[in-house]
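*Asks:* Provided herewith: work.pdb, PDB, C-alpha atoms.
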```pdb
ATOM      1  CA  MET A 217     -51.645 -52.230 -57.008
ATOM      2  CA  ARG A 218     -50.317 -51.889 -53.452
ATOM      3  CA  ILE A 219     -48.628 -48.532 -52.920
ATOM      4  CA  ILE A 220     -46.471 -47.089 -50.157
ATOM      5  CA  PHE A 221     -46.644 -43.294 -50.235
ATOM      6  CA  MET A 222     -43.846 -41.148 -48.833
ATOM      7  CA  GLY A 223     -44.505 -37.422 -48.381
ATOM      8  CA  THR A 224     -45.175 -34.786 -45.758
ATOM      9  CA  PRO A 225     -46.605 -31.316 -46.700
ATOM     10  CA  ASP A 226     -49.804 -30.094 -48.379
ATOM     11  CA  TYR A 227     -48.312 -30.662 -51.845
ATOM     12  CA  ALA A 228     -47.921 -34.369 -51.015
ATOM     13  CA  ALA A 229     -51.359 -34.562 -49.384
ATOM     14  CA  VAL A 230     -53.072 -33.577 -52.650
ATOM     15  CA  ILE A 231     -51.302 -36.432 -54.452
ATOM     16  CA  LEU A 232     -52.067 -38.880 -51.638
ATOM     17  CA  GLU A 233     -55.749 -37.950 -51.698
ATOM     18  CA  SER A 234     -56.002 -38.832 -55.401
ATOM     19  CA  LEU A 235     -54.301 -42.173 -54.762
ATOM     20  CA  LEU A 236     -56.707 -43.031 -51.940
ATOM     21  CA  LYS A 237     -59.632 -42.631 -54.332
ATOM     22  CA  ASN A 238     -58.164 -44.844 -57.029
ATOM     23  CA  HIS A 239     -55.647 -47.326 -55.593
ATOM     24  CA  LYS A 240     -54.680 -49.366 -52.551
ATOM     25  CA  VAL A 241     -52.403 -47.354 -50.256
ATOM     26  CA  CYS A 242     -50.978 -49.736 -47.683
ATOM     27  CA  ALA A 243     -48.800 -47.304 -45.715
ATOM     28  CA  LEU A 244     -47.762 -43.670 -45.391
ATOM     29  CA  VAL A 245     -44.239 -42.591 -44.505
ATOM     30  CA  CYS A 246     -43.966 -38.929 -43.511
ATOM     31  CA  GLY A 247     -41.977 -36.506 -41.378
ATOM     32  CA  GLU A 248     -42.351 -36.254 -37.630
ATOM     33  CA  ASP A 249     -44.910 -34.071 -35.858
ATOM     34  CA  LYS A 250     -43.417 -30.633 -35.182
ATOM     35  CA  ARG A 251     -44.191 -27.723 -32.918
ATOM     36  CA  ALA A 252     -45.135 -24.577 -34.820
ATOM     37  CA  GLY A 253     -46.701 -21.137 -34.359
ATOM     38  CA  ARG A 254     -46.430 -18.698 -31.499
ATOM     39  CA  ASP A 255     -48.031 -21.146 -29.059
ATOM     40  CA  MET A 256     -45.733 -23.992 -30.284
ATOM     41  CA  HIS A 257     -48.560 -26.487 -30.514
ATOM     42  CA  LEU A 258     -47.658 -29.894 -31.911
ATOM     43  CA  LYS A 259     -48.655 -29.982 -35.590
ATOM     44  CA  VAL A 260     -49.022 -33.175 -37.593
ATOM     45  CA  PRO A 261     -47.917 -33.384 -41.255
ATOM     46  CA  ALA A 262     -50.627 -32.671 -43.834
ATOM     47  CA  THR A 263     -50.470 -36.229 -45.194
ATOM     48  CA  LYS A 264     -50.905 -37.744 -41.726
ATOM     49  CA  ALA A 265     -53.851 -35.437 -40.990
ATOM     50  CA  LEU A 266     -55.490 -36.559 -44.240
ATOM     51  CA  LEU A 267     -55.249 -40.249 -43.329
ATOM     52  CA  GLN A 268     -56.381 -39.716 -39.757
ATOM     53  CA  LYS A 269     -59.513 -38.028 -41.071
ATOM     54  CA  HIS A 270     -60.396 -40.212 -44.055
ATOM     55  CA  SER A 271     -58.464 -43.516 -43.810
ATOM     56  CA  PRO A 272     -57.417 -44.145 -40.191
ATOM     57  CA  GLU A 273     -56.899 -47.844 -40.912
ATOM     58  CA  ILE A 274     -53.805 -47.154 -43.041
ATOM     59  CA  SER A 275     -50.457 -47.506 -41.270
ATOM     60  CA  ILE A 276     -48.478 -44.284 -40.686
ATOM     61  CA  LEU A 277     -44.705 -44.378 -40.189
ATOM     62  CA  GLN A 278     -42.726 -41.327 -39.006
ATOM     63  CA  PRO A 279     -39.123 -42.520 -38.767
ATOM     64  CA  LYS A 280     -36.336 -40.353 -37.400
ATOM     65  CA  MET A 281     -33.876 -42.345 -39.462
ATOM     66  CA  LEU A 282     -34.236 -44.642 -42.459
ATOM     67  CA  ASP A 283     -32.351 -47.426 -40.690
ATOM     68  CA  GLU A 284     -32.500 -51.238 -40.834
ATOM     69  CA  ASN A 285     -35.600 -51.431 -38.630
ATOM     70  CA  PHE A 286     -37.425 -49.015 -40.934
ATOM     71  CA  ILE A 287     -36.400 -51.003 -44.009
ATOM     72  CA  LYS A 288     -37.662 -54.250 -42.443
ATOM     73  CA  THR A 289     -41.002 -52.591 -41.684
ATOM     74  CA  ILE A 290     -41.346 -51.272 -45.227
ATOM     75  CA  LYS A 291     -40.588 -54.701 -46.681
ATOM     76  CA  SER A 292     -43.339 -56.252 -44.551
ATOM     77  CA  PHE A 293     -46.011 -54.369 -46.528
ATOM     78  CA  ALA A 294     -45.061 -56.200 -49.750
ATOM     79  CA  CYS A 295     -45.898 -53.197 -51.920
ATOM     80  CA  ASP A 296     -45.798 -53.024 -55.719
ATOM     81  CA  MET A 297     -44.632 -49.396 -55.938
ATOM     82  CA  ILE A 298     -43.264 -46.612 -53.739
ATOM     83  CA  ILE A 299     -44.425 -43.102 -54.654
ATOM     84  CA  VAL A 300     -42.537 -40.150 -53.179
ATOM     85  CA  ALA A 301     -43.482 -36.454 -53.090
ATOM     86  CA  ALA A 302     -41.742 -33.837 -50.919
ATOM     87  CA  PHE A 303     -40.618 -36.410 -48.366
ATOM     88  CA  GLY A 304     -37.573 -34.390 -47.325
ATOM     89  CA  LYS A 305     -35.057 -37.224 -46.982
ATOM     90  CA  ILE A 306     -32.833 -38.977 -49.516
ATOM     91  CA  LEU A 307     -33.782 -42.656 -49.751
ATOM     92  CA  PRO A 308     -30.961 -45.174 -49.231
ATOM     93  CA  LYS A 309     -30.267 -47.839 -51.833
ATOM     94  CA  ALA A 310     -31.866 -50.496 -49.609
ATOM     95  CA  VAL A 311     -35.239 -48.707 -49.869
ATOM     96  CA  LEU A 312     -34.916 -48.132 -53.614
ATOM     97  CA  GLU A 313     -34.447 -51.889 -54.098
ATOM     98  CA  ILE A 314     -37.669 -52.860 -52.295
ATOM     99  CA  ALA A 315     -39.974 -51.875 -55.165
ATOM    100  CA  PRO A 316     -40.012 -49.444 -58.110
ATOM    101  CA  CYS A 317     -39.668 -45.948 -56.615
ATOM    102  CA  VAL A 318     -40.926 -42.818 -58.393
ATOM    103  CA  ASN A 319     -40.815 -39.194 -57.303
ATOM    104  CA  LEU A 320     -42.987 -36.151 -58.101
ATOM    105  CA  HIS A 321     -40.602 -33.182 -58.286
ATOM    106  CA  ALA A 322     -42.060 -29.676 -58.672
ATOM    107  CA  SER A 323     -39.897 -28.419 -61.535
ATOM    108  CA  ILE A 324     -39.161 -29.255 -65.152
ATOM    109  CA  LEU A 325     -36.070 -31.384 -64.607
ATOM    110  CA  PRO A 326     -33.146 -31.197 -64.878
ATOM    111  CA  ARG A 327     -33.710 -27.519 -63.968
ATOM    112  CA  PHE A 328     -33.929 -26.807 -60.247
ATOM    113  CA  ARG A 329     -33.024 -30.047 -58.566
ATOM    114  CA  GLY A 330     -33.081 -29.696 -54.796
ATOM    115  CA  ALA A 331     -35.166 -28.301 -51.964
ATOM    116  CA  SER A 332     -37.003 -25.222 -53.312
ATOM    117  CA  PRO A 333     -37.834 -25.750 -57.017
ATOM    118  CA  ILE A 334     -41.087 -23.778 -57.050
ATOM    119  CA  GLN A 335     -39.598 -20.688 -55.450
ATOM    120  CA  GLN A 336     -36.491 -20.865 -57.633
ATOM    121  CA  SER A 337     -38.594 -21.194 -60.790
ATOM    122  CA  ILE A 338     -40.384 -17.974 -59.829
ATOM    123  CA  LEU A 339     -37.151 -16.166 -58.940
ATOM    124  CA  GLU A 340     -35.673 -17.106 -62.320
ATOM    125  CA  ASN A 341     -38.850 -15.879 -64.064
ATOM    126  CA  GLU A 342     -39.181 -19.113 -66.040
ATOM    127  CA  CYS A 343     -41.585 -19.045 -69.000
ATOM    128  CA  PHE A 344     -43.086 -22.342 -67.850
ATOM    129  CA  PHE A 345     -43.572 -24.076 -64.510
ATOM    130  CA  GLY A 346     -44.104 -27.783 -64.126
ATOM    131  CA  VAL A 347     -43.823 -31.077 -62.315
ATOM    132  CA  THR A 348     -41.686 -34.063 -63.298
ATOM    133  CA  LEU A 349     -42.285 -37.728 -62.518
ATOM    134  CA  MET A 350     -38.972 -39.568 -62.359
ATOM    135  CA  GLN A 351     -37.518 -42.897 -61.419
ATOM    136  CA  MET A 352     -35.624 -42.634 -58.158
ATOM    137  CA  GLN A 353     -31.976 -43.568 -57.878
ATOM    138  CA  GLU A 354     -29.109 -42.733 -55.576
ATOM    139  CA  GLY A 355     -28.411 -39.006 -55.875
ATOM    140  CA  LEU A 356     -30.477 -35.828 -55.802
ATOM    141  CA  ASP A 357     -33.336 -35.642 -58.346
ATOM    142  CA  CYS A 358     -31.202 -37.213 -61.074
ATOM    143  CA  GLY A 359     -33.287 -40.261 -62.069
ATOM    144  CA  ASP A 360     -34.744 -40.999 -65.504
ATOM    145  CA  ILE A 361     -37.805 -38.969 -66.446
ATOM    146  CA  LEU A 362     -41.168 -40.735 -66.792
ATOM    147  CA  GLY A 363     -43.461 -37.791 -67.506
ATOM    148  CA  PHE A 364     -44.114 -34.041 -67.270
ATOM    149  CA  LYS A 365     -46.993 -31.674 -66.639
ATOM    150  CA  VAL A 366     -46.303 -28.074 -67.707
ATOM    151  CA  ILE A 367     -48.138 -24.748 -67.268
ATOM    152  CA  ARG A 368     -47.383 -21.177 -68.371
ATOM    153  CA  ASN A 369     -46.004 -18.546 -66.044
ATOM    154  CA  SER A 370     -48.818 -16.067 -65.454
ATOM    155  CA  LYS A 371     -47.239 -14.370 -62.403
ATOM    156  CA  GLN A 372     -48.493 -16.948 -59.919
ATOM    157  CA  GLY A 373     -47.245 -16.585 -56.360
ATOM    158  CA  ALA A 374     -45.725 -19.535 -54.525
ATOM    159  CA  ILE A 375     -48.901 -20.404 -52.591
ATOM    160  CA  GLU A 376     -51.021 -20.491 -55.748
ATOM    161  CA  LEU A 377     -48.341 -22.348 -57.690
ATOM    162  CA  PHE A 378     -47.967 -25.024 -55.006
ATOM    163  CA  ASP A 379     -51.713 -25.725 -55.282
ATOM    164  CA  ILE A 380     -51.686 -25.835 -59.089
ATOM    165  CA  LEU A 381     -48.621 -28.078 -59.345
ATOM    166  CA  ALA A 382     -49.915 -30.414 -56.633
ATOM    167  CA  LYS A 383     -53.016 -31.040 -58.743
ATOM    168  CA  CYS A 384     -50.831 -31.518 -61.833
ATOM    169  CA  ALA A 385     -48.698 -34.011 -59.897
ATOM    170  CA  ALA A 386     -51.789 -35.924 -58.752
ATOM    171  CA  GLU A 387     -53.037 -36.209 -62.339
ATOM    172  CA  LEU A 388     -49.612 -37.243 -63.598
ATOM    173  CA  THR A 389     -49.323 -39.945 -60.927
ATOM    174  CA  LEU A 390     -52.632 -41.550 -61.873
ATOM    175  CA  GLU A 391     -51.752 -41.420 -65.575
ATOM    176  CA  TYR A 392     -48.412 -43.069 -64.887
ATOM    177  CA  ILE A 393     -49.876 -45.914 -62.815
ATOM    178  CA  GLN A 394     -52.352 -46.623 -65.597
ATOM    179  CA  ARG A 395     -49.667 -46.696 -68.304
ATOM    180  CA  TYR A 396     -46.376 -47.459 -66.542
ATOM    181  CA  GLU A 397     -45.691 -50.634 -68.521
ATOM    182  CA  GLU A 398     -45.745 -48.654 -71.807
ATOM    183  CA  ILE A 399     -43.420 -45.802 -70.772
ATOM    184  CA  ASN A 400     -39.821 -45.535 -71.969
ATOM    185  CA  PRO A 401     -37.766 -43.555 -69.427
ATOM    186  CA  LEU A 402     -35.828 -40.506 -70.649
ATOM    187  CA  LYS A 403     -32.366 -39.884 -69.213
ATOM    188  CA  GLN A 404     -31.697 -36.429 -67.801
ATOM    189  CA  ILE A 405     -28.971 -34.286 -69.338
ATOM    190  CA  ASN A 406     -26.844 -33.652 -66.266
ATOM    191  CA  ALA A 407     -24.997 -30.778 -67.920
ATOM    192  CA  ASP A 408     -28.288 -28.829 -67.943
ATOM    193  CA  ALA A 409     -28.932 -29.380 -64.240
ATOM    194  CA  SER A 410     -29.126 -26.598 -61.672
ATOM    195  CA  TYR A 411     -29.629 -26.830 -57.926
ATOM    196  CA  CYS A 412     -31.643 -24.837 -55.407
ATOM    197  CA  LYS A 413     -31.105 -24.722 -51.665
ATOM    198  CA  LYS A 414     -33.527 -24.737 -48.776
ATOM    199  CA  ILE A 415     -35.044 -21.299 -48.178
ATOM    200  CA  LYS A 416     -34.129 -19.500 -44.971
ATOM    201  CA  LYS A 417     -35.893 -16.612 -43.268
ATOM    202  CA  GLU A 418     -33.135 -14.186 -44.244
ATOM    203  CA  SER A 419     -33.844 -14.964 -47.909
ATOM    204  CA  GLY A 420     -36.805 -12.584 -47.618
ATOM    205  CA  CYS A 421     -34.736  -9.506 -46.719
ATOM    206  CA  VAL A 422     -34.940  -7.060 -49.658
ATOM    207  CA  CYS A 423     -34.064  -3.507 -50.647
ATOM    208  CA  PHE A 424     -35.287  -1.129 -53.341
ATOM    209  CA  ASP A 425     -32.540  -1.892 -55.860
ATOM    210  CA  ASN A 426     -34.350  -3.604 -58.722
ATOM    211  CA  ALA A 427     -38.114  -3.616 -59.372
ATOM    212  CA  ARG A 428     -38.081  -6.880 -61.321
ATOM    213  CA  ALA A 429     -36.158  -8.736 -58.607
ATOM    214  CA  LEU A 430     -38.388  -7.268 -55.886
ATOM    215  CA  GLU A 431     -41.547  -8.446 -57.666
ATOM    216  CA  SER A 432     -40.060 -11.921 -58.202
ATOM    217  CA  LYS A 433     -39.102 -12.263 -54.538
ATOM    218  CA  SER A 434     -42.561 -11.108 -53.453
ATOM    219  CA  LEU A 435     -44.111 -13.881 -55.572
ATOM    220  CA  ALA A 436     -41.541 -16.556 -54.677
ATOM    221  CA  TYR A 437     -41.631 -15.963 -50.924
ATOM    222  CA  ASP A 438     -45.407 -15.530 -50.740
ATOM    223  CA  GLY A 439     -46.530 -17.152 -47.504
ATOM    224  CA  TRP A 440     -43.070 -17.749 -46.002
ATOM    225  CA  PRO A 441     -40.730 -16.057 -45.313
ATOM    226  CA  GLY A 442     -42.404 -13.107 -47.071
ATOM    227  CA  ILE A 443     -40.307 -10.069 -48.014
ATOM    228  CA  PHE A 444     -39.185  -7.346 -45.617
ATOM    229  CA  LEU A 445     -36.754  -4.447 -45.361
ATOM    230  CA  SER A 446     -33.742  -4.468 -43.041
ATOM    231  CA  SER A 447     -35.896  -2.467 -40.595
ATOM    232  CA  GLY A 448     -38.298  -5.425 -40.393
ATOM    233  CA  LEU A 449     -41.071  -3.670 -42.340
ATOM    234  CA  LYS A 450     -42.957  -6.317 -44.350
ATOM    235  CA  LEU A 451     -44.117  -5.591 -47.901
ATOM    236  CA  LYS A 452     -47.273  -7.232 -49.283
ATOM    237  CA  GLY A 453     -48.778  -7.170 -52.751
ATOM    238  CA  VAL A 454     -45.687  -5.969 -54.622
ATOM    239  CA  ARG A 455     -45.978  -5.511 -58.397
ATOM    240  CA  ALA A 456     -43.471  -3.945 -60.754
ATOM    241  CA  LYS A 457     -44.728  -0.787 -62.459
ATOM    242  CA  GLU A 458     -41.773  -0.437 -64.819
ATOM    243  CA  TYR A 459     -38.228  -1.741 -64.983
ATOM    244  CA  LEU A 460     -35.849   0.841 -66.470
ATOM    245  CA  CYS A 461     -36.257   4.308 -64.931
ATOM    246  CA  LYS A 462     -33.898   5.238 -62.112
ATOM    247  CA  TYR A 463     -35.049   6.654 -58.766
ATOM    248  CA  ARG A 464     -33.798   7.108 -55.242
ATOM    249  CA  SER A 465     -33.998   3.803 -53.411
ATOM    250  CA  GLY A 466     -37.290   3.702 -51.473
ATOM    251  CA  GLU A 467     -38.587   7.079 -52.688
ATOM    252  CA  ILE A 468     -42.396   7.363 -52.493
ATOM    253  CA  LEU A 469     -43.533   8.378 -56.001
ATOM    254  CA  GLU A 470     -47.338   8.099 -55.854
ATOM    255  CA  ILE A 471     -49.933   7.581 -53.132
ATOM    256  CA  LYS A 472     -53.353   6.030 -53.802
ATOM    257  CA  GLU A 473     -55.875   4.666 -51.346
ATOM    258  CA  ASP A 474     -55.399   1.099 -52.624
ATOM    259  CA  SER A 475     -51.593   1.164 -53.120
ATOM    260  CA  ILE A 476     -48.454   3.281 -53.215
ATOM    261  CA  ARG A 477     -45.672   3.457 -55.820
ATOM    262  CA  VAL A 478     -42.097   3.299 -54.613
ATOM    263  CA  GLY A 479     -38.939   3.919 -56.613
ATOM    264  CA  CYS A 480     -35.990   1.576 -56.964
ATOM    265  CA  LYS A 481     -32.508   2.218 -58.265
ATOM    266  CA  ARG A 482     -33.884   0.498 -61.354
ATOM    267  CA  GLY A 483     -37.644   0.643 -61.925
ATOM    268  CA  SER A 484     -40.533   1.135 -59.514
ATOM    269  CA  VAL A 485     -43.117  -1.022 -57.736
ATOM    270  CA  TRP A 486     -46.678  -0.780 -56.439
ATOM    271  CA  ILE A 487     -47.148  -1.950 -52.843
ATOM    272  CA  ASP A 488     -50.593  -2.762 -51.466
ATOM    273  CA  CYS A 489     -49.960  -3.347 -47.756
ATOM    274  CA  LEU A 490     -47.280  -2.873 -45.112
ATOM    275  CA  GLN A 491     -46.690  -4.440 -41.721
ATOM    276  CA  ALA A 492     -44.368  -2.988 -39.116
ATOM    277  CA  PRO A 493     -42.667  -5.386 -36.657
ATOM    278  CA  SER A 494     -45.125  -6.696 -34.038
ATOM    279  CA  LYS A 495     -47.976  -4.732 -35.674
ATOM    280  CA  LYS A 496     -51.002  -5.731 -37.782
ATOM    281  CA  LEU A 497     -50.964  -5.735 -41.542
ATOM    282  CA  ILE A 498     -52.525  -2.505 -42.863
ATOM    283  CA  SER A 499     -52.894  -0.826 -46.222
ATOM    284  CA  ALA A 500     -49.807   1.027 -47.445
ATOM    285  CA  TYR A 501     -51.932   4.203 -47.564
ATOM    286  CA  GLN A 502     -52.831   3.851 -43.862
ATOM    287  CA  TYR A 503     -49.210   3.204 -42.954
ATOM    288  CA  LEU A 504     -48.031   6.380 -44.687
ATOM    289  CA  GLN A 505     -50.775   8.396 -42.999
ATOM    290  CA  GLY A 506     -49.738   7.086 -39.584
ATOM    291  CA  LYS A 507     -46.064   7.838 -40.217
ATOM    292  CA  HIS A 508     -46.776  11.218 -41.854
ATOM    293  CA  LEU A 509     -44.929  10.173 -45.017
ATOM    294  CA  LYS A 510     -45.670  11.808 -48.342
ATOM    295  CA  VAL A 511     -44.514  11.860 -51.963
ATOM    296  CA  GLY A 512     -40.748  12.355 -51.927
ATOM    297  CA  SER A 513     -40.284  10.675 -48.522
ATOM    298  CA  ILE A 514     -38.152   7.544 -48.219
ATOM    299  CA  LEU A 515     -39.775   4.262 -47.185
ATOM    300  CA  GLU A 516     -37.394   2.335 -44.956
TER
END
```
In structure tokens, how does this file's structure come out?

*Replies:*
Amino acid sequence: MRIIFMGTPDYAAVILESLLKNHKVCALVCGEDKRAGRDMHLKVPATKALLQKHSPEISILQPKMLDENFIKTIKSFACDMIIVAAFGKILPKAVLEIAPCVNLHASILPRFRGASPIQQSILENECFFGVTLMQMQEGLDCGDILGFKVIRNSKQGAIELFDILAKCAAELTLEYIQRYEEINPLKQINADASYCKKIKKESGCVCFDNARALESKSLAYDGWPGIFLSSGLKLKGVRAKEYLCKYRSGEILEIKEDSIRVGCKRGSVWIDCLQAPSKKLISAYQYLQGKHLKVGSILE
């Protein structure tokens, strides 16, 4: 089977790697190279880096727009299937008509259609996380379902969950290709659908209002954008201690060498590390020592 793969980040690269080992990938379509980091070096997408290292003979397309020229190029590969994972652009009808198109979406659809399903699943404290394989059609993540992979919520952070679900998606893709002629698609119940938006840096700004919400945001925004107070102080390794007791917002309740406990208006949390703006990440204990803060002080 000749496959065109469309995807950009690490999540997609894991799926692409499994396809390279088992099927004929005739082209990759991914996002453009972007400048990133403090030095603004040009960084290539994870999927492109994978091909350049292991399969440099495979064509790589990085279109700015999915226009007529792009569609003509895609048609020239005469593929049997188009597989999409975190591509970042909605495919026009002309692309969907070239070959059967399927998408690996990192939620249990129809819950959390849209740009940030993994983070939203964590924020909503779902009992289960998962990945859905669906037929693509015009619209956002609304195609018929072809398969699921599901795991339990065991307080995974976003970075860990991305890795786990990428492997689940890779397995699901191979299973589908092997059995696609036997599968009866399942229509989504649109009334059960919910949508999640792209995460912005300001999404990580938090306060000591609710311990449960603070823990969920720490897990969901693990990696980027992280969580931080309005002062810019970053909080790392946040875990809820309890959820019901009421304290002064930001009150330091306990100090240990490996973590500190801070009160919220509802509940309290343990915090392992803190990072002041433009400073290195240090243990919360060290930070309090440097600021001369003690039990009863307010962290802000």

*Asks:* Give the answer as one residue: which of A:Arg251, A:Lys291, A:Lys259, A:Lys383 has the shortest atom-to-atom distance to Val230 in chain A, using all atoms listed in the file?

*Replies:*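 The closest residue to Val230 in chain A is A:Lys383.
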
*Asks:* Using only C-alpha atoms, can you tell me which of A:Ser275, A:Gln335, A:Asn369, A:Asn319 comes closest to Ala243 in chain A?

*Replies:*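 Nearest to Ala243 in chain A: A:Ser275.
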
*Asks:* Using only C-alpha atoms, pick whichever of A:Ala427, A:Cys358, A:Ala301, A:Ile334 has the shortest atom-to-atom distance to Ile380 in chain A.

*Replies:*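 For Ile380 in chain A, the nearest of the given residues is A:Ile334.
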
*Asks:* Run the PyMOL selection byres ((chain A and resi 396) around 12) against the file shown and list the residues it catches, as a list in words.

*Replies:* Met217, Met297, Pro316, Val318, Leu349, Met350, Gln351, Leu362, Gly363, Leu388, Thr389, Leu390, Glu391, Tyr392, Ile393, Gln394, Arg395, Glu397, Glu398, Ile399, Asn400 and Pro401 of chain A

*Asks:* List the residues matched by the PyMOL selection byres ((chain A and resi 489-506) around 10) in the displayed structure as a list of chain:residue names, ordered by chain and then by residue number.

*Replies:*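 Selected by the PyMOL selection byres ((chain A and resi 489-506) around 10) in this file: A:Phe444, A:Leu445, A:Ser447, A:Gly448, A:Leu449, A:Lys450, A:Leu451, A:Lys452, A:Gly453, A:Val454, A:Ile468, A:Ile471, A:Lys472, A:Glu473, A:Asp474, A:Ser475, A:Ile476, A:Arg477, A:Trp486, A:Ile487, A:Asp488, A:Lys507, A:His508, A:Leu509, A:Lys510, A:Val511, A:Ser513, A:Leu515.
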
*Asks:* Show me the residues around (-30.6, -19.0, -47.8) - criterion: an atom at most 12 Å away, all atoms listed in the file counted - as number ranges by chain.

*Replies:* A: 331-332, 335-336, 412-421, 437, 441

*Asks:* What does the PyMOL selection byres ((chain A and resi 222) around 12) select in this file, as a PyMOL selection string?

*Replies:* chain A and resi 219-221+223-225+227-229+231-232+241-247+261-264+275-279+290+297-307+311+317-320

*Asks:* What is the CA of Lys371 in chain A-CA of Glu342 in chain A distance in Å, reported with one decimal?

*Replies:*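 Spanning CA of Lys371 in chain A to CA of Glu342 in chain A is a straight-line distance of 10.0 Å.
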
*Asks:* May I ask for the distance between CA of Leu430 in chain A and CA of Gln372 in chain A, given in Å to one decimal place?

*Replies:*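 CA of Leu430 in chain A sits 14.6 Å away from CA of Gln372 in chain A.
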